[in-house]
$ cat upload.pdb   # PDB, C-alpha atoms
MODEL        1
ATOM      1  CA  MET A   1      12.518  58.907 180.314
ATOM      2  CA  ARG A   2       9.345  60.957 180.239
ATOM      3  CA  ARG A   3       9.073  64.723 180.383
ATOM      4  CA  ILE A   4       7.277  66.395 183.264
ATOM      5  CA  LEU A   5       4.468  68.824 182.547
ATOM      6  CA  MET A   6       4.636  71.842 184.834
ATOM      7  CA  LEU A   7       2.100  74.652 184.976
ATOM      8  CA  SER A   8       2.874  78.334 185.470
ATOM      9  CA  LEU A   9       0.450  79.840 187.960
ATOM     10  CA  ILE A  10      -0.109  82.817 185.667
ATOM     11  CA  ALA A  11      -0.229  80.801 182.445
ATOM     12  CA  ALA A  12      -2.986  81.504 180.004
ATOM     13  CA  ALA A  13      -5.835  79.036 179.935
ATOM     14  CA  ALA A  14      -5.072  78.184 176.311
ATOM     15  CA  CYS A  15      -2.282  78.910 173.913
ATOM     16  CA  GLY A  16      -3.581  81.867 171.897
ATOM     17  CA  PRO A  17      -1.851  84.501 169.764
ATOM     18  CA  SER A  18      -0.682  86.395 172.888
ATOM     19  CA  SER A  19       0.775  83.342 174.623
ATOM     20  CA  GLY A  20       2.986  80.390 173.796
ATOM     21  CA  GLU A  21       3.910  77.019 175.211
ATOM     22  CA  LEU A  22       7.412  76.600 176.659
ATOM     23  CA  GLU A  23       9.293  73.317 176.440
ATOM     24  CA  VAL A  24      12.888  72.864 177.577
ATOM     25  CA  ASP A  25      15.144  69.926 176.691
ATOM     26  CA  TRP A  26      18.327  69.679 178.724
ATOM     27  CA  THR A  27      21.684  68.008 178.948
ATOM     28  CA  PHE A  28      24.368  68.509 181.573
ATOM     29  CA  ASN A  29      27.788  69.319 180.189
ATOM     30  CA  GLY A  30      26.804  67.343 177.104
ATOM     31  CA  LEU A  31      25.545  64.324 179.053
ATOM     32  CA  SER A  32      22.232  63.041 180.268
ATOM     33  CA  CYS A  33      21.449  63.817 183.885
ATOM     34  CA  ALA A  34      22.167  60.195 184.848
ATOM     35  CA  ASP A  35      25.549  60.122 183.108
ATOM     36  CA  ALA A  36      26.448  63.541 184.569
ATOM     37  CA  GLY A  37      25.684  62.411 188.120
ATOM     38  CA  VAL A  38      22.733  64.797 188.487
ATOM     39  CA  ALA A  39      20.148  63.368 190.867
ATOM     40  CA  THR A  40      17.695  66.287 191.051
ATOM     41  CA  ILE A  41      16.910  69.151 188.716
ATOM     42  CA  GLN A  42      15.529  72.507 189.861
ATOM     43  CA  VAL A  43      13.968  74.967 187.428
ATOM     44  CA  GLY A  44      13.076  78.597 187.997
ATOM     45  CA  ILE A  45      11.745  81.430 185.851
ATOM     46  CA  ALA A  46      12.264  84.960 187.138
ATOM     47  CA  ASN A  47       9.033  86.529 188.463
ATOM     48  CA  GLU A  48       7.096  83.300 187.867
ATOM     49  CA  VAL A  49       5.940  80.527 190.174
ATOM     50  CA  LEU A  50       6.392  76.964 188.937
ATOM     51  CA  SER A  51       4.687  73.984 190.528
ATOM     52  CA  PRO A  52       6.524  71.697 190.856
ATOM     53  CA  ASP A  53       9.905  73.351 190.396
ATOM     54  CA  GLN A  54      12.089  70.371 191.315
ATOM     55  CA  PHE A  55      12.103  66.746 190.256
ATOM     56  CA  THR A  56      14.376  63.749 189.983
ATOM     57  CA  CYS A  57      16.496  62.718 187.033
ATOM     58  CA  GLN A  58      14.320  59.606 186.667
ATOM     59  CA  GLU A  59      11.200  61.762 186.389
ATOM     60  CA  ALA A  60      12.493  64.201 183.780
ATOM     61  CA  SER A  61      15.760  63.114 182.235
ATOM     62  CA  LEU A  62      14.894  64.644 178.844
ATOM     63  CA  GLY A  63      13.420  67.949 179.952
ATOM     64  CA  ALA A  64      10.093  69.479 180.877
ATOM     65  CA  ASN A  65       7.095  71.263 179.424
ATOM     66  CA  LEU A  66       6.926  74.380 181.602
ATOM     67  CA  GLY A  67       3.424  75.477 180.619
ATOM     68  CA  VAL A  68       1.964  78.438 178.733
ATOM     69  CA  TYR A  69       3.307  81.988 179.066
ATOM     70  CA  TYR A  70       2.454  85.363 177.630
ATOM     71  CA  ALA A  71       4.677  86.331 174.724
ATOM     72  CA  GLY A  72       7.816  88.128 175.843
ATOM     73  CA  ASP A  73      11.261  87.688 177.338
ATOM     74  CA  TYR A  74      11.913  85.409 180.321
ATOM     75  CA  GLU A  75      14.943  84.391 182.385
ATOM     76  CA  LEU A  76      15.265  80.659 183.001
ATOM     77  CA  THR A  77      17.556  79.044 185.570
ATOM     78  CA  VAL A  78      18.309  75.316 185.599
ATOM     79  CA  VAL A  79      20.252  73.805 188.500
ATOM     80  CA  GLY A  80      21.533  70.230 188.705
ATOM     81  CA  ARG A  81      22.282  68.723 192.117
ATOM     82  CA  ALA A  82      24.127  65.568 193.101
ATOM     83  CA  ALA A  83      22.545  63.018 195.433
ATOM     84  CA  THR A  84      24.316  64.799 198.318
ATOM     85  CA  GLY A  85      22.488  68.045 197.491
ATOM     86  CA  GLU A  86      25.611  69.760 196.173
ATOM     87  CA  VAL A  87      25.108  71.992 193.124
ATOM     88  CA  THR A  88      27.118  70.467 190.273
ATOM     89  CA  HIS A  89      25.618  72.189 187.207
ATOM     90  CA  GLN A  90      23.899  75.548 186.732
ATOM     91  CA  ILE A  91      22.886  78.010 184.030
ATOM     92  CA  THR A  92      20.753  81.143 183.724
ATOM     93  CA  GLN A  93      19.597  81.940 180.208
ATOM     94  CA  ALA A  94      17.303  84.481 178.564
ATOM     95  CA  LEU A  95      14.428  83.025 176.507
ATOM     96  CA  ARG A  96      11.916  84.707 174.200
ATOM     97  CA  ILE A  97       8.412  83.266 174.049
ATOM     98  CA  THR A  98       6.544  83.735 170.766
ATOM     99  CA  GLY A  99       2.765  83.673 170.956
ATOM    100  CA  GLY A 100       0.624  81.080 169.187
ATOM    101  CA  LYS A 101       3.239  78.302 169.033
ATOM    102  CA  LYS A 102       5.254  75.791 171.016
ATOM    103  CA  ASN A 103       8.604  77.301 171.955
ATOM    104  CA  SER A 104      11.232  74.576 172.340
ATOM    105  CA  PHE A 105      14.722  75.235 173.666
ATOM    106  CA  ALA A 106      17.648  72.848 173.998
ATOM    107  CA  ILE A 107      19.833  73.890 176.925
ATOM    108  CA  ASP A 108      23.156  72.378 177.897
ATOM    109  CA  VAL A 109      23.767  73.107 181.571
ATOM    110  CA  PRO A 110      27.509  73.514 182.277
ATOM    111  CA  ARG A 111      29.287  72.078 185.267
ATOM    112  CA  VAL A 112      29.890  74.518 188.102
ATOM    113  CA  ALA A 113      33.557  75.370 188.365
ATOM    114  CA  THR A 114      35.135  73.955 191.491
ATOM    115  CA  VAL A 115      37.913  75.757 193.320
ATOM    116  CA  THR A 116      40.620  73.499 194.683
ATOM    117  CA  PRO A 117      41.723  74.728 198.113
ATOM    118  CA  THR A 118      45.366  75.758 198.281
ATOM    119  CA  THR A 119      45.562  76.709 201.963
ATOM    120  CA  GLY A 120      44.537  75.353 205.343
ATOM    121  CA  SER A 121      43.280  76.973 208.523
ATOM    122  CA  ALA A 122      43.948  76.785 212.252
ATOM    123  CA  SER A 123      41.283  76.399 214.913
ATOM    124  CA  MET A 124      43.062  77.889 217.904
ATOM    125  CA  THR A 125      42.236  77.590 221.587
ATOM    126  CA  TRP A 126      44.294  79.131 224.373
ATOM    127  CA  ALA A 127      44.907  79.493 228.074
ATOM    128  CA  PHE A 128      46.865  81.891 230.273
ATOM    129  CA  ASN A 129      49.074  80.176 232.842
ATOM    130  CA  GLY A 130      46.493  77.394 232.722
ATOM    131  CA  MET A 131      43.543  79.761 233.212
ATOM    132  CA  SER A 132      40.633  80.736 231.013
ATOM    133  CA  CYS A 133      40.170  84.224 229.611
ATOM    134  CA  ALA A 134      37.760  85.092 232.400
ATOM    135  CA  ALA A 135      39.915  83.690 235.211
ATOM    136  CA  ALA A 136      43.046  85.417 233.870
ATOM    137  CA  ASN A 137      41.122  88.644 233.242
ATOM    138  CA  VAL A 138      42.278  88.766 229.620
ATOM    139  CA  ASN A 139      40.024  90.692 227.234
ATOM    140  CA  LYS A 140      41.877  90.578 223.922
ATOM    141  CA  VAL A 141      44.428  88.349 222.221
ATOM    142  CA  THR A 142      46.931  89.202 219.494
ATOM    143  CA  ILE A 143      47.934  86.209 217.346
ATOM    144  CA  PHE A 144      51.369  85.752 215.775
ATOM    145  CA  VAL A 145      52.145  83.152 213.089
ATOM    146  CA  ASP A 146      55.629  81.675 212.774
ATOM    147  CA  PRO A 147      57.405  83.503 215.620
ATOM    148  CA  ASP A 148      60.885  82.472 216.722
ATOM    149  CA  ALA A 149      61.528  79.749 219.299
ATOM    150  CA  SER A 150      61.009  82.214 222.167
ATOM    151  CA  GLY A 151      57.675  83.513 220.865
ATOM    152  CA  ASN A 152      59.048  86.775 219.491
ATOM    153  CA  GLY A 153      58.344  88.238 216.072
ATOM    154  CA  GLY A 154      56.309  86.435 213.435
ATOM    155  CA  ILE A 155      53.402  87.637 211.315
ATOM    156  CA  ASN A 156      50.754  89.602 213.211
ATOM    157  CA  ALA A 157      47.486  87.836 212.292
ATOM    158  CA  GLY A 158      45.330  90.344 214.169
ATOM    159  CA  THR A 159      43.812  91.062 217.564
ATOM    160  CA  VAL A 160      40.535  89.399 218.520
ATOM    161  CA  ALA A 161      38.277  89.048 221.543
ATOM    162  CA  CYS A 162      39.746  86.549 223.997
ATOM    163  CA  SER A 163      36.465  84.638 224.230
ATOM    164  CA  THR A 164      33.764  84.468 221.570
ATOM    165  CA  MET A 165      30.422  82.722 222.135
ATOM    166  CA  GLY A 166      31.870  80.816 225.069
ATOM    167  CA  THR A 167      35.021  79.646 223.280
ATOM    168  CA  ASP A 168      38.467  80.858 224.331
ATOM    169  CA  GLY A 169      40.025  80.871 220.899
ATOM    170  CA  ALA A 170      39.802  81.973 217.272
ATOM    171  CA  SER A 171      40.646  80.809 213.754
ATOM    172  CA  VAL A 172      43.466  81.738 211.403
ATOM    173  CA  GLU A 173      42.839  81.297 207.681
ATOM    174  CA  SER A 174      44.971  81.037 204.529
ATOM    175  CA  LEU A 175      47.882  79.081 205.965
ATOM    176  CA  THR A 176      50.170  77.521 203.375
ATOM    177  CA  PRO A 177      50.556  73.726 203.606
ATOM    178  CA  GLY A 178      53.275  72.566 205.972
ATOM    179  CA  THR A 179      54.209  73.266 209.583
ATOM    180  CA  HIS A 180      53.453  76.601 211.257
ATOM    181  CA  THR A 181      54.021  77.861 214.789
ATOM    182  CA  PHE A 182      51.858  80.190 216.853
ATOM    183  CA  ALA A 183      52.256  82.592 219.743
ATOM    184  CA  ILE A 184      49.789  84.906 221.445
ATOM    185  CA  GLN A 185      49.777  87.998 223.614
ATOM    186  CA  GLY A 186      47.069  88.450 226.230
ATOM    187  CA  LEU A 187      45.757  91.993 226.723
ATOM    188  CA  ARG A 188      43.787  93.329 229.683
ATOM    189  CA  THR A 189      41.647  96.353 228.906
ATOM    190  CA  LEU A 190      41.798  99.068 231.563
ATOM    191  CA  SER A 191      40.590 102.657 231.628
ATOM    192  CA  ASP A 192      43.795 103.917 230.011
ATOM    193  CA  GLY A 193      43.947 101.245 227.278
ATOM    194  CA  ASP A 194      45.087  97.669 226.634
ATOM    195  CA  HIS A 195      47.815  96.316 228.919
ATOM    196  CA  LEU A 196      50.017  93.383 227.903
ATOM    197  CA  VAL A 197      49.848  90.829 230.735
ATOM    198  CA  TYR A 198      50.612  87.442 229.143
ATOM    199  CA  ARG A 199      52.770  86.207 226.264
ATOM    200  CA  THR A 200      53.729  82.857 224.737
ATOM    201  CA  HIS A 201      57.196  81.675 225.759
ATOM    202  CA  ARG A 202      57.071  78.336 223.906
ATOM    203  CA  PRO A 203      55.202  78.585 220.565
ATOM    204  CA  ALA A 204      52.794  75.804 219.608
ATOM    205  CA  SER A 205      53.108  74.128 216.228
ATOM    206  CA  GLY A 206      50.823  72.256 213.873
ATOM    207  CA  TYR A 207      50.900  70.674 210.437
ATOM    208  CA  PHE A 208      48.526  72.116 207.830
ATOM    209  CA  ALA A 209      47.081  70.656 204.639
ATOM    210  CA  ALA A 210      45.159  72.409 201.882
ATOM    211  CA  GLY A 211      41.419  72.452 202.505
ATOM    212  CA  ALA A 212      41.739  71.112 206.073
ATOM    213  CA  ILE A 213      41.466  72.542 209.586
ATOM    214  CA  THR A 214      44.147  71.831 212.200
ATOM    215  CA  ASP A 215      43.404  72.230 215.907
ATOM    216  CA  VAL A 216      46.115  74.119 217.795
ATOM    217  CA  PHE A 217      46.339  74.871 221.526
ATOM    218  CA  VAL A 218      48.511  77.839 222.530
ATOM    219  CA  SER A 219      49.599  78.722 226.035
ATOM    220  CA  ALA A 220      50.672  82.154 227.304
ATOM    221  CA  GLU A 221      52.474  82.900 230.544
ATOM    222  CA  PRO A 222      53.067  86.036 232.599
ATOM    223  CA  LEU A 223      55.646  88.549 231.394
ATOM    224  CA  PRO A 224      58.463  88.839 230.625
TER
ENDMDL
END
$ encode --input "upload.pdb" --output "structure tokens"
Amino acid sequence: MRRILMLSLIAAAACGPSSGELEVDWTFNGLSCADAGVATIQVGIANEVLSPDQFTCQEASLGANLGVYYAGDYELTVVGRAATGEVTHQITQALRITGGKKNSFAIDVPRVATVTPTTGSASMTWAFNGMSCAAANVNKVTIFVDPDASGNGGINAGTVACSTMGTDGASVESLTPGTHTFAIQGLRTLSDGDHLVYRTHRPASGYFAAGAITDVFVSAEPLP
């Protein structure tokens, strides 16, 4: 497929001894953009403005002539994106432009390392004897992961505002795959500090998978 000619906005009018033409040929992890699943290619040069700076694999599968630049060192970034817009390949590389000649560089853009999730997360909502935070006059909630069957003990996952942006709930991250249980304590803030007014008597449970969110509803009742 053809190469695209792009012009630097500060490029010299002609390639003289103080400036040189820059041409970049690319592959993506050793493959053509089509074979690598790259749908669009974005190119950037630090402190330069390129127009255009993004094009499709069909338009420039072999590379691009990026215009004429003053002799010196430049930093080039090439990003490959899948049809979904996800970045799949990326590289930033230093280039040296020599004046009075065409400067051609072959760049193999590596695949971006992907991190496989190993934990899940809980999206928790709660109520206090069937009431909302406001109705129960609860200001803060302490979350416990894997308490006993009566709601005692467990891992303290922190204390958060009872309601945030209109939602009575919070999230708990980094939960290992499998079943976990949850209990909460409802705190009412008075002039002398936080008073415990509600607690979970029957912990809620949920099954968690790596990379997924599980919705969990937890109820708390009056003491004891």
$ closest_residue --input "upload.pdb" --among "A:Ala113, A:Cys133, A:Ala220, A:Leu31" --to "Cys162 of chain A" --atoms "only C-alpha atoms"
A:Cys133
$ closest_residue --input "upload.pdb" --among "A:Ser121, A:Asn152, A:Thr98, A:Asn129" --to "Ala209 of chain A" --atoms "all atoms listed in the file"
A:Ser121
$ residues_around --input "upload.pdb" --residues "Gly154 of chain A" --least-positions-apart "5" --cutoff "6 Å" --atoms "all atoms listed in the file" --output "count of residues only"
4
$ resolve_selection --input "upload.pdb" --expression "the PyMOL selection byres ((chain A and resi 66-80) around 7)" --output "CSV table (one decimal) with C-alpha atoms, in the coordinates of the input"
chain,number,residue,atom,x,y,z
A,5,LEU,CA,4.5,68.8,182.5
A,6,MET,CA,4.6,71.8,184.8
A,7,LEU,CA,2.1,74.7,185.0
A,8,SER,CA,2.9,78.3,185.5
A,11,ALA,CA,-0.2,80.8,182.4
A,12,ALA,CA,-3.0,81.5,180.0
A,15,CYS,CA,-2.3,78.9,173.9
A,18,SER,CA,-0.7,86.4,172.9
A,19,SER,CA,0.8,83.3,174.6
A,20,GLY,CA,3.0,80.4,173.8
A,21,GLU,CA,3.9,77.0,175.2
A,22,LEU,CA,7.4,76.6,176.7
A,23,GLU,CA,9.3,73.3,176.4
A,38,VAL,CA,22.7,64.8,188.5
A,40,THR,CA,17.7,66.3,191.1
A,41,ILE,CA,16.9,69.2,188.7
A,42,GLN,CA,15.5,72.5,189.9
A,43,VAL,CA,14.0,75.0,187.4
A,44,GLY,CA,13.1,78.6,188.0
A,45,ILE,CA,11.7,81.4,185.9
A,46,ALA,CA,12.3,85.0,187.1
A,64,ALA,CA,10.1,69.5,180.9
A,65,ASN,CA,7.1,71.3,179.4
A,81,ARG,CA,22.3,68.7,192.1
A,82,ALA,CA,24.1,65.6,193.1
A,87,VAL,CA,25.1,72.0,193.1
A,88,THR,CA,27.1,70.5,190.3
A,89,HIS,CA,25.6,72.2,187.2
A,90,GLN,CA,23.9,75.5,186.7
A,91,ILE,CA,22.9,78.0,184.0
A,92,THR,CA,20.8,81.1,183.7
A,93,GLN,CA,19.6,81.9,180.2
A,94,ALA,CA,17.3,84.5,178.6
A,95,LEU,CA,14.4,83.0,176.5
A,96,ARG,CA,11.9,84.7,174.2
A,97,ILE,CA,8.4,83.3,174.0
A,98,THR,CA,6.5,83.7,170.8
A,99,GLY,CA,2.8,83.7,171.0
$ resolve_selection --input "upload.pdb" --expression "the PyMOL selection byres ((chain A and resi 127) around 8)" --output "PDB file with C-alpha atoms, in the coordinates of the input"
ATOM      1  CA  THR A 125      42.236  77.590 221.587  1.00  0.00           C
ATOM      2  CA  TRP A 126      44.294  79.131 224.373  1.00  0.00           C
ATOM      3  CA  PHE A 128      46.865  81.891 230.273  1.00  0.00           C
ATOM      4  CA  ASN A 129      49.074  80.176 232.842  1.00  0.00           C
ATOM      5  CA  GLY A 130      46.493  77.394 232.722  1.00  0.00           C
ATOM      6  CA  MET A 131      43.543  79.761 233.212  1.00  0.00           C
ATOM      7  CA  SER A 132      40.633  80.736 231.013  1.00  0.00           C
ATOM      8  CA  CYS A 133      40.170  84.224 229.611  1.00  0.00           C
ATOM      9  CA  ASP A 168      38.467  80.858 224.331  1.00  0.00           C
ATOM     10  CA  VAL A 218      48.511  77.839 222.530  1.00  0.00           C
ATOM     11  CA  SER A 219      49.599  78.722 226.035  1.00  0.00           C
ATOM     12  CA  ALA A 220      50.672  82.154 227.304  1.00  0.00           C
TER      13      ALA A 220
END
$ resolve_selection --input "upload.pdb" --expression "the PyMOL selection byres ((chain A and resi 143) around 6)" --output "list in words"
Thr142, Phe144, Ala157, Gly158 and Ile184 of chain A
$ closest_atom_pairs --input "upload.pdb" --of "segment 34-140 of chain A" --to "segment 171-180 of chain A" --cutoff "10 Å" --atoms "all atoms listed in the file" --output "tab-separated table"
residue	atom	partner	partner_atom	distance
A:Pro117	CA	A:Ser174	CA	9.6
A:Thr118	CA	A:Thr176	CA	7.2
A:Thr119	CA	A:Thr176	CA	4.9
A:Gly120	CA	A:Leu175	CA	5.0
A:Ser121	CA	A:Glu173	CA	4.4
A:Ala122	CA	A:Val172	CA	5.0
A:Ser123	CA	A:Ser171	CA	4.6
A:Met124	CA	A:Ser171	CA	5.6
A:Thr125	CA	A:Ser171	CA	8.6
$ atom_distance --input "upload.pdb" --atom1 "atom CA of Leu223 of chain A" --atom2 "atom CA of Asn137 of chain A"
14.6 Å
$ closest_residue --input "upload.pdb" --among "A:Val24, A:Ala136, A:Ile107, A:Cys57" --to "Ala39 of chain A" --atoms "all atoms listed in the file"
A:Cys57
$ residues_near_point --input "upload.pdb" --point "(47.0, 91.3, 226.7)" --cutoff "10 Å" --atoms "all atoms listed in the file" --output "list in words"
Asn137, Val138, Asn139, Lys140, Val141, Thr142, Thr159, Cys162, Ile184, Gln185, Gly186, Leu187, Arg188, Thr189, Asp194, His195, Leu196, Val197, Tyr198, Arg199, Ala220 and Pro222 of chain A
$ write_last_selection --input "upload.pdb" --atoms "C-alpha atoms" --output "short mmCIF file (atom, residue, chain, number, x, y, z; two decimals), in the coordinates of the input"
data_model
loop_
_atom_site.label_atom_id
_atom_site.label_comp_id
_atom_site.auth_asym_id
_atom_site.auth_seq_id
_atom_site.Cartn_x
_atom_site.Cartn_y
_atom_site.Cartn_z
CA ASN A 137 41.12 88.64 233.24
CA VAL A 138 42.28 88.77 229.62
CA ASN A 139 40.02 90.69 227.23
CA LYS A 140 41.88 90.58 223.92
CA VAL A 141 44.43 88.35 222.22
CA THR A 142 46.93 89.20 219.49
CA THR A 159 43.81 91.06 217.56
CA CYS A 162 39.75 86.55 224.00
CA ILE A 184 49.79 84.91 221.44
CA GLN A 185 49.78 88.00 223.61
CA GLY A 186 47.07 88.45 226.23
CA LEU A 187 45.76 91.99 226.72
CA ARG A 188 43.79 93.33 229.68
CA THR A 189 41.65 96.35 228.91
CA ASP A 194 45.09 97.67 226.63
CA HIS A 195 47.82 96.32 228.92
CA LEU A 196 50.02 93.38 227.90
CA VAL A 197 49.85 90.83 230.74
CA TYR A 198 50.61 87.44 229.14
CA ARG A 199 52.77 86.21 226.26
CA ALA A 220 50.67 82.15 227.30
CA PRO A 222 53.07 86.04 232.60
#
$ atom_distance --input "upload.pdb" --atom1 "atom CA of Thr181 of chain A" --atom2 "atom CA of Ile213 of chain A"
14.6 Å
$ atom_distance --input "upload.pdb" --atom1 "atom CA of Phe217 of chain A" --atom2 "atom CA of Gly151 of chain A"
14.3 Å
